[in-house]
$ cat model-v9.txt   # compact mmCIF, C-alpha atoms and all ligand atoms
# COMPACT_ATOMS: atom_id res chain seq x y z
CA MET A 1 -31.80 -9.43 -24.17
CA SER A 2 -28.52 -7.61 -24.44
CA GLY A 3 -25.54 -8.93 -22.51
CA GLY A 4 -25.40 -5.70 -20.51
CA ILE A 5 -28.98 -6.05 -19.25
CA CYS A 6 -28.41 -9.73 -18.46
CA LYS A 7 -25.43 -8.83 -16.35
CA PHE A 8 -27.35 -6.04 -14.67
CA LEU A 9 -30.26 -8.35 -13.75
CA LYS A 10 -27.87 -11.00 -12.53
CA ARG A 11 -26.29 -8.45 -10.24
CA VAL A 12 -29.58 -7.17 -8.90
CA MET A 13 -30.81 -10.70 -8.29
CA SER A 14 -27.66 -11.88 -6.59
CA THR A 15 -27.76 -8.79 -4.39
CA ALA A 16 -31.38 -9.32 -3.48
CA SER A 17 -30.90 -12.96 -2.57
CA SER A 18 -27.90 -12.27 -0.36
CA ASN A 19 -29.37 -9.34 1.58
CA SER A 20 -31.22 -11.45 4.09
CA ASN A 21 -27.98 -13.21 4.95
CA LEU A 22 -25.80 -10.19 5.57
CA VAL A 23 -26.80 -9.72 9.17
CA GLU A 24 -26.39 -13.44 9.86
CA ASN A 25 -23.00 -13.42 8.16
CA LEU A 26 -21.93 -10.45 10.28
CA SER A 27 -22.97 -12.12 13.47
CA SER A 28 -21.19 -15.36 12.63
CA VAL A 29 -17.97 -13.51 11.69
CA LYS A 30 -18.16 -11.53 14.95
CA ASP A 31 -18.45 -14.80 16.88
CA ARG A 32 -15.46 -16.23 15.04
CA VAL A 33 -13.45 -13.05 15.74
CA ALA A 34 -14.23 -13.32 19.45
CA SER A 35 -13.34 -17.00 19.74
CA SER A 36 -10.08 -16.51 17.85
CA ALA A 37 -9.23 -13.60 20.14
CA ALA A 38 -9.70 -15.93 23.10
CA LYS A 39 -7.14 -18.31 21.56
CA ARG A 40 -4.45 -15.70 21.00
CA THR A 41 -0.98 -17.12 21.38
CA SER A 42 0.80 -13.79 21.25
CA LYS A 43 2.86 -13.13 24.35
CA ASP A 44 2.34 -9.38 24.13
CA ASN A 45 -0.50 -9.30 26.62
CA LEU A 46 -2.65 -7.73 23.98
CA THR A 47 -5.58 -6.05 25.61
CA LEU A 48 -7.06 -4.75 22.39
CA LEU A 49 -9.92 -6.78 21.05
CA PRO A 50 -9.42 -7.24 17.32
CA ARG A 51 -11.44 -4.83 15.25
CA LEU A 52 -13.57 -6.14 12.42
CA VAL A 53 -13.54 -4.03 9.26
CA CYS A 54 -16.20 -5.00 6.75
CA VAL A 55 -14.97 -4.59 3.20
CA GLY A 56 -17.79 -3.67 0.86
CA LYS A 57 -15.95 -3.06 -2.38
CA THR A 58 -18.15 -3.56 -5.46
CA LYS A 59 -21.21 -3.93 -3.20
CA PRO A 60 -24.01 -1.34 -3.10
CA ALA A 61 -24.35 1.25 -0.34
CA SER A 62 -27.63 -0.41 0.65
CA ASP A 63 -25.69 -3.52 1.74
CA ILE A 64 -23.45 -1.39 3.92
CA GLN A 65 -26.48 0.29 5.40
CA LEU A 66 -27.92 -3.09 6.44
CA VAL A 67 -24.70 -4.13 8.15
CA TYR A 68 -24.40 -0.71 9.79
CA ASP A 69 -27.95 -1.02 11.09
CA ALA A 70 -26.93 -4.33 12.68
CA GLY A 71 -24.32 -2.46 14.73
CA GLN A 72 -21.17 -2.61 12.62
CA ARG A 73 -19.20 0.67 12.44
CA HIS A 74 -15.89 0.07 10.64
CA PHE A 75 -16.01 -0.36 6.87
CA GLY A 76 -13.21 -0.64 4.33
CA GLU A 77 -13.04 0.27 0.66
CA ASN A 78 -10.17 0.03 -1.76
CA TYR A 79 -11.18 2.17 -4.70
CA VAL A 80 -11.15 5.94 -4.25
CA ASN A 81 -14.16 6.56 -6.47
CA GLU A 82 -16.21 4.00 -4.56
CA ILE A 83 -15.36 5.28 -1.09
CA VAL A 84 -16.11 8.84 -2.21
CA GLU A 85 -19.49 7.84 -3.56
CA LYS A 86 -20.52 5.59 -0.68
CA SER A 87 -19.30 7.87 2.08
CA HIS A 88 -21.37 10.70 0.66
CA ASP A 89 -24.42 8.50 0.03
CA LEU A 90 -24.35 7.18 3.60
CA GLN A 91 -23.39 10.39 5.35
CA GLU A 92 -26.86 11.07 6.75
CA THR A 93 -28.02 7.53 7.46
CA CYS A 94 -24.74 6.23 8.94
CA PRO A 95 -23.57 9.16 11.08
CA ASP A 96 -21.12 7.08 13.18
CA ILE A 97 -19.60 5.11 10.34
CA LYS A 98 -15.81 4.83 10.29
CA TRP A 99 -14.28 4.43 6.86
CA HIS A 100 -10.94 2.74 6.29
CA PHE A 101 -9.19 3.21 2.98
CA ILE A 102 -7.37 -0.05 2.21
CA GLY A 103 -6.48 0.23 -1.49
CA ARG A 104 -3.59 1.47 -3.53
CA LEU A 105 -3.53 5.26 -3.28
CA GLN A 106 -2.28 7.34 -6.18
CA SER A 107 -0.95 10.80 -5.38
CA ASN A 108 -3.42 12.49 -7.69
CA LYS A 109 -6.39 10.91 -5.84
CA VAL A 110 -5.37 11.99 -2.32
CA GLY A 111 -7.42 15.19 -2.38
CA LYS A 112 -10.52 13.31 -3.47
CA LEU A 113 -10.09 10.71 -0.75
CA LEU A 114 -9.61 13.32 1.97
CA GLY A 115 -12.95 14.84 1.01
CA CYS A 116 -14.78 11.74 2.29
CA PRO A 117 -16.97 12.33 5.33
CA ASN A 118 -16.04 10.06 8.28
CA LEU A 119 -12.70 8.94 6.89
CA SER A 120 -11.18 7.24 9.92
CA LEU A 121 -7.96 5.61 8.74
CA ILE A 122 -5.81 5.23 5.64
CA GLU A 123 -4.18 1.79 5.95
CA THR A 124 -2.03 2.00 2.85
CA ILE A 125 0.71 4.61 3.20
CA ASP A 126 3.65 3.04 1.36
CA SER A 127 6.08 5.84 0.52
CA GLU A 128 7.44 9.06 1.99
CA LYS A 129 6.12 10.93 -1.01
CA LEU A 130 2.59 9.68 -0.40
CA ALA A 131 2.85 10.38 3.33
CA ASP A 132 4.00 13.94 2.62
CA ARG A 133 1.15 14.52 0.20
CA VAL A 134 -1.53 13.25 2.62
CA ASP A 135 0.09 15.26 5.43
CA LYS A 136 0.04 18.44 3.38
CA LEU A 137 -3.44 18.08 1.89
CA TRP A 138 -5.10 17.00 5.16
CA VAL A 139 -4.59 20.39 6.87
CA SER A 140 -6.04 22.23 3.91
CA SER A 141 -8.94 19.80 3.50
CA GLU A 142 -12.47 20.95 4.25
CA ARG A 143 -12.76 17.92 6.57
CA TYR A 144 -9.79 18.94 8.72
CA SER A 145 -10.91 19.61 12.26
CA GLY A 146 -7.58 20.17 13.97
CA THR A 147 -6.74 16.51 14.60
CA PRO A 148 -4.13 14.46 12.78
CA LEU A 149 -5.38 11.82 10.36
CA ASN A 150 -4.87 8.17 11.36
CA VAL A 151 -2.65 6.22 9.02
CA MET A 152 -0.99 2.81 8.85
CA VAL A 153 2.11 1.91 6.92
CA GLN A 154 1.53 -0.87 4.41
CA ILE A 155 4.38 -3.36 4.17
CA ASN A 156 4.98 -5.69 1.24
CA THR A 157 5.83 -8.70 3.38
CA SER A 158 5.72 -11.17 0.50
CA ASN A 159 8.04 -9.07 -1.69
CA GLU A 160 5.76 -9.67 -4.68
CA GLU A 161 6.18 -7.04 -7.34
CA GLN A 162 2.47 -6.71 -7.99
CA LYS A 163 1.65 -6.08 -4.32
CA SER A 164 1.95 -2.57 -3.03
CA GLY A 165 3.59 -1.66 0.23
CA VAL A 166 7.02 -0.53 1.33
CA SER A 167 9.74 -3.19 1.50
CA THR A 168 10.48 -4.69 4.90
CA GLU A 169 13.96 -3.10 4.73
CA LYS A 170 12.55 0.39 4.33
CA ALA A 171 9.56 0.01 6.62
CA LEU A 172 11.16 1.41 9.78
CA ASP A 173 12.41 4.50 7.95
CA LEU A 174 8.94 5.14 6.58
CA VAL A 175 7.36 4.76 10.02
CA GLU A 176 9.93 7.19 11.40
CA HIS A 177 9.21 9.63 8.59
CA VAL A 178 5.47 9.53 9.33
CA MET A 179 6.04 9.96 13.06
CA VAL A 180 8.67 12.67 12.91
CA LYS A 181 8.08 14.59 9.70
CA CYS A 182 4.32 14.40 9.19
CA GLU A 183 2.78 16.39 12.00
CA ASN A 184 -0.74 16.10 10.59
CA LEU A 185 -0.63 12.31 10.50
CA HIS A 186 -1.05 9.92 13.41
CA PHE A 187 0.74 6.60 12.95
CA THR A 188 -1.46 3.80 14.29
CA GLY A 189 0.17 0.62 13.01
CA VAL A 190 1.31 -1.63 10.19
CA MET A 191 -0.66 -3.47 7.53
CA THR A 192 -0.06 -6.21 5.00
CA ILE A 193 -2.01 -8.16 2.41
CA GLY A 194 0.53 -10.95 1.99
CA SER A 195 0.70 -13.83 -0.42
CA PHE A 196 -2.58 -15.58 -1.23
CA SER A 197 -0.98 -18.96 -1.74
CA HIS A 198 0.04 -19.92 1.77
CA ASP A 199 -0.79 -23.51 2.71
CA TYR A 200 -1.99 -23.34 6.31
CA SER A 201 -1.33 -27.01 6.92
CA THR A 202 2.38 -26.15 6.84
CA GLY A 203 2.18 -23.72 9.78
CA PRO A 204 1.76 -20.00 10.41
CA ASN A 205 1.61 -17.63 7.46
CA PRO A 206 5.17 -16.25 7.03
CA ASP A 207 3.79 -12.88 5.87
CA PHE A 208 1.97 -12.50 9.16
CA LEU A 209 5.11 -13.42 11.11
CA THR A 210 7.08 -10.87 9.10
CA LEU A 211 4.54 -8.16 9.86
CA LEU A 212 4.66 -9.02 13.55
CA GLN A 213 8.46 -8.71 13.46
CA CYS A 214 8.06 -5.25 11.91
CA LYS A 215 5.69 -4.36 14.72
CA GLU A 216 8.27 -5.48 17.30
CA LYS A 217 10.94 -3.34 15.66
CA VAL A 218 8.67 -0.30 15.65
CA MET A 219 7.85 -0.84 19.34
CA GLU A 220 11.51 -1.19 20.19
CA LYS A 221 12.73 1.79 18.18
CA PHE A 222 10.10 4.22 19.41
CA SER A 223 9.58 2.75 22.91
CA LEU A 224 5.93 2.00 22.25
CA SER A 225 3.77 -0.57 23.96
CA SER A 226 2.02 -3.35 22.12
CA ASP A 227 -1.33 -1.60 22.10
CA ASP A 228 0.22 1.49 20.47
CA VAL A 229 1.10 -0.36 17.28
CA GLU A 230 -1.83 -1.99 15.57
CA VAL A 231 -1.44 -4.87 13.17
CA SER A 232 -3.81 -5.05 10.21
CA MET A 233 -3.72 -8.52 8.66
CA GLY A 234 -6.24 -11.24 7.86
CA MET A 235 -9.04 -11.43 5.28
CA SER A 236 -11.97 -13.77 4.67
CA ASN A 237 -9.92 -16.92 4.30
CA ASP A 238 -7.45 -16.38 7.12
CA PHE A 239 -8.76 -13.84 9.63
CA GLU A 240 -9.00 -16.35 12.47
CA HIS A 241 -5.42 -17.46 11.97
CA ALA A 242 -4.32 -13.80 11.81
CA ILE A 243 -6.09 -12.97 15.06
CA GLU A 244 -4.57 -15.94 16.86
CA LEU A 245 -1.15 -14.63 15.88
CA GLY A 246 -1.90 -11.09 17.08
CA SER A 247 -3.82 -9.17 14.40
CA THR A 248 -5.77 -6.26 15.84
CA ASN A 249 -7.59 -5.28 12.64
CA VAL A 250 -9.05 -7.83 10.22
CA ARG A 251 -10.51 -6.85 6.84
CA VAL A 252 -13.31 -9.17 5.87
CA GLY A 253 -15.25 -8.80 2.63
CA SER A 254 -16.76 -11.76 0.83
CA THR A 255 -17.58 -13.80 3.95
CA ILE A 256 -19.97 -11.02 4.94
CA PHE A 257 -21.13 -9.48 1.68
CA GLY A 258 -20.93 -12.56 -0.57
CA ALA A 259 -18.68 -13.20 -3.55
CA ARG A 260 -17.80 -10.17 -5.61
CA GLU A 261 -18.94 -9.90 -9.18
CA TYR A 262 -16.92 -7.54 -11.29
CA ALA A 263 -19.34 -6.21 -13.88
CA SER A 264 -17.75 -5.38 -17.20
CA LYS A 265 -17.88 -1.75 -18.29
CA PRO A 266 -21.13 -0.88 -20.10
CA SER A 267 -20.53 -0.88 -23.85
C1 LIG A 301 -10.84 -6.97 -0.86
C2 LIG A 301 -9.91 -6.79 0.25
C3 LIG A 301 -10.13 -7.41 1.48
C4 LIG A 301 -11.29 -8.37 1.74
O1 LIG A 301 -11.14 -9.52 1.00
P1 LIG A 301 -12.04 -10.84 1.27
O2 LIG A 301 -11.16 -11.94 0.86
O3 LIG A 301 -13.24 -10.68 0.43
O4 LIG A 301 -12.36 -10.87 2.70
C5 LIG A 301 -9.23 -7.17 2.50
N1 LIG A 301 -8.15 -6.36 2.33
C6 LIG A 301 -7.91 -5.74 1.16
C7 LIG A 301 -6.73 -4.85 1.07
C8 LIG A 301 -8.76 -5.94 0.09
O5 LIG A 301 -8.52 -5.33 -1.06
$ encode --input "model-v9.txt" --output "structure tokens"
Amino acid sequence: MSGGICKFLKRVMSTASSNSNLVENLSSVKDRVASSAAKRTSKDNLTLLPRLVCVGKTKPASDIQLVYDAGQRHFGENYVNEIVEKSHDLQETCPDIKWHFIGRLQSNKVGKLLGCPNLSLIETIDSEKLADRVDKLWVSSERYSGTPLNVMVQINTSNEEQKSGVSTEKALDLVEHVMVKCENLHFTGVMTIGSFSHDYSTGPNPDFLTLLQCKEKVMEKFSLSSDDVEVSMGMSNDFEHAIELGSTNVRVGSTIFGAREYASKPS
């Protein structure tokens, strides 16, 4: 058997075996989200319940359909081609789905992304140039219905070169730019990925604390209340911790959909 077919079968089989668990995984993550929310230490009097975003990157649309059918509505993707394909495939069968784009966005892909049905939020605006491009293309997009598009500003809290996001120093200026100069965008909050190497036995994740400080500064500068500035942080390995600190939007992939297998390109 060729290596390509082997890989293909392995993928089909791993998908088939995990399907029955997806709904159980969803329900257990939802329970964990709720109990972490009950333990929140944030003094902001957060009334928002944290939102769970299920990240289905590399997983088939059929997996997303199963999780949608179990009641989940918010889904995240971080490759433009994948969100375009899945959002079209699921347009009829998931009419209330809310797509979050959470990946690095190149200027030349903005038009393609804005063509997605049910695009709810772009979490990864990280430069004025990108904000301007999304702002400009959104009004001329076939999906534009007269309402501004929800966006978050992604902040590179760990200052790692390979991570995208605006620097913490420039974050406030970018938020101001989105709010003041981009009339077709609606700023909803701040987002970070953060360093993957934090040792939780040493205390709170410093990236999360940095993002929360950015949130405070945004609230102060623009006289916004806590619920007006969402905080997107926390993934499979740390979403409970993130929620306890004040995350309002956690992005959970592998704990729901299973480990990702990156198939090599067909030869
Ligand atoms: C893949 C991804 C996630 C989900 O990661 P898991 O560790 O599988 O939960 C969350 N956020 C971003 C930006 C991602 O790319």
$ residues_around --input "model-v9.txt" --residues "region 63-77 of chain A" --least-positions-apart "2" --cutoff "9 Å" --atoms "only C-alpha atoms" --output "ChimeraX atom specification"
/A:15,19,22-23,26-27,51-61,79-80,82-83,86,90,93-94,96-103,120,251-253,256-257
$ closest_residue --input "model-v9.txt" --among "A:Asn118, A:Asn25, A:Ser141, A:Asn108" --to "Pro95 (chain A)" --atoms "all atoms listed in the file"
A:Asn118
$ closest_residue --input "model-v9.txt" --among "A:Glu123, A:Asp132, A:Glu230, A:Glu161" --to "ligand LIG 301 (chain A)" --atoms "only C-alpha atoms and all ligand atoms"
A:Glu123
$ atom_distance --input "model-v9.txt" --atom1 "CA of Ser127 (chain A)" --atom2 "CA of Val250 (chain A)"
22.6 Å
$ closest_residue --input "model-v9.txt" --among "A:Val110, A:Ile155, A:Ala37, A:Met191" --to "Leu130 (chain A)" --atoms "all atoms listed in the file"
A:Val110
$ closest_residue --input "model-v9.txt" --among "A:Arg104, A:Arg32, A:His198, A:Lys129" --to "ligand LIG 301 (chain A)" --atoms "only C-alpha atoms and all ligand atoms"
A:Arg104
$ atom_distance --input "model-v9.txt" --atom1 "CA of Asn205 (chain A)" --atom2 "CA of Gly234 (chain A)"
10.1 Å
$ atom_distance --input "model-v9.txt" --atom1 "CA of Asn156 (chain A)" --atom2 "CA of Glu85 (chain A)"
28.4 Å
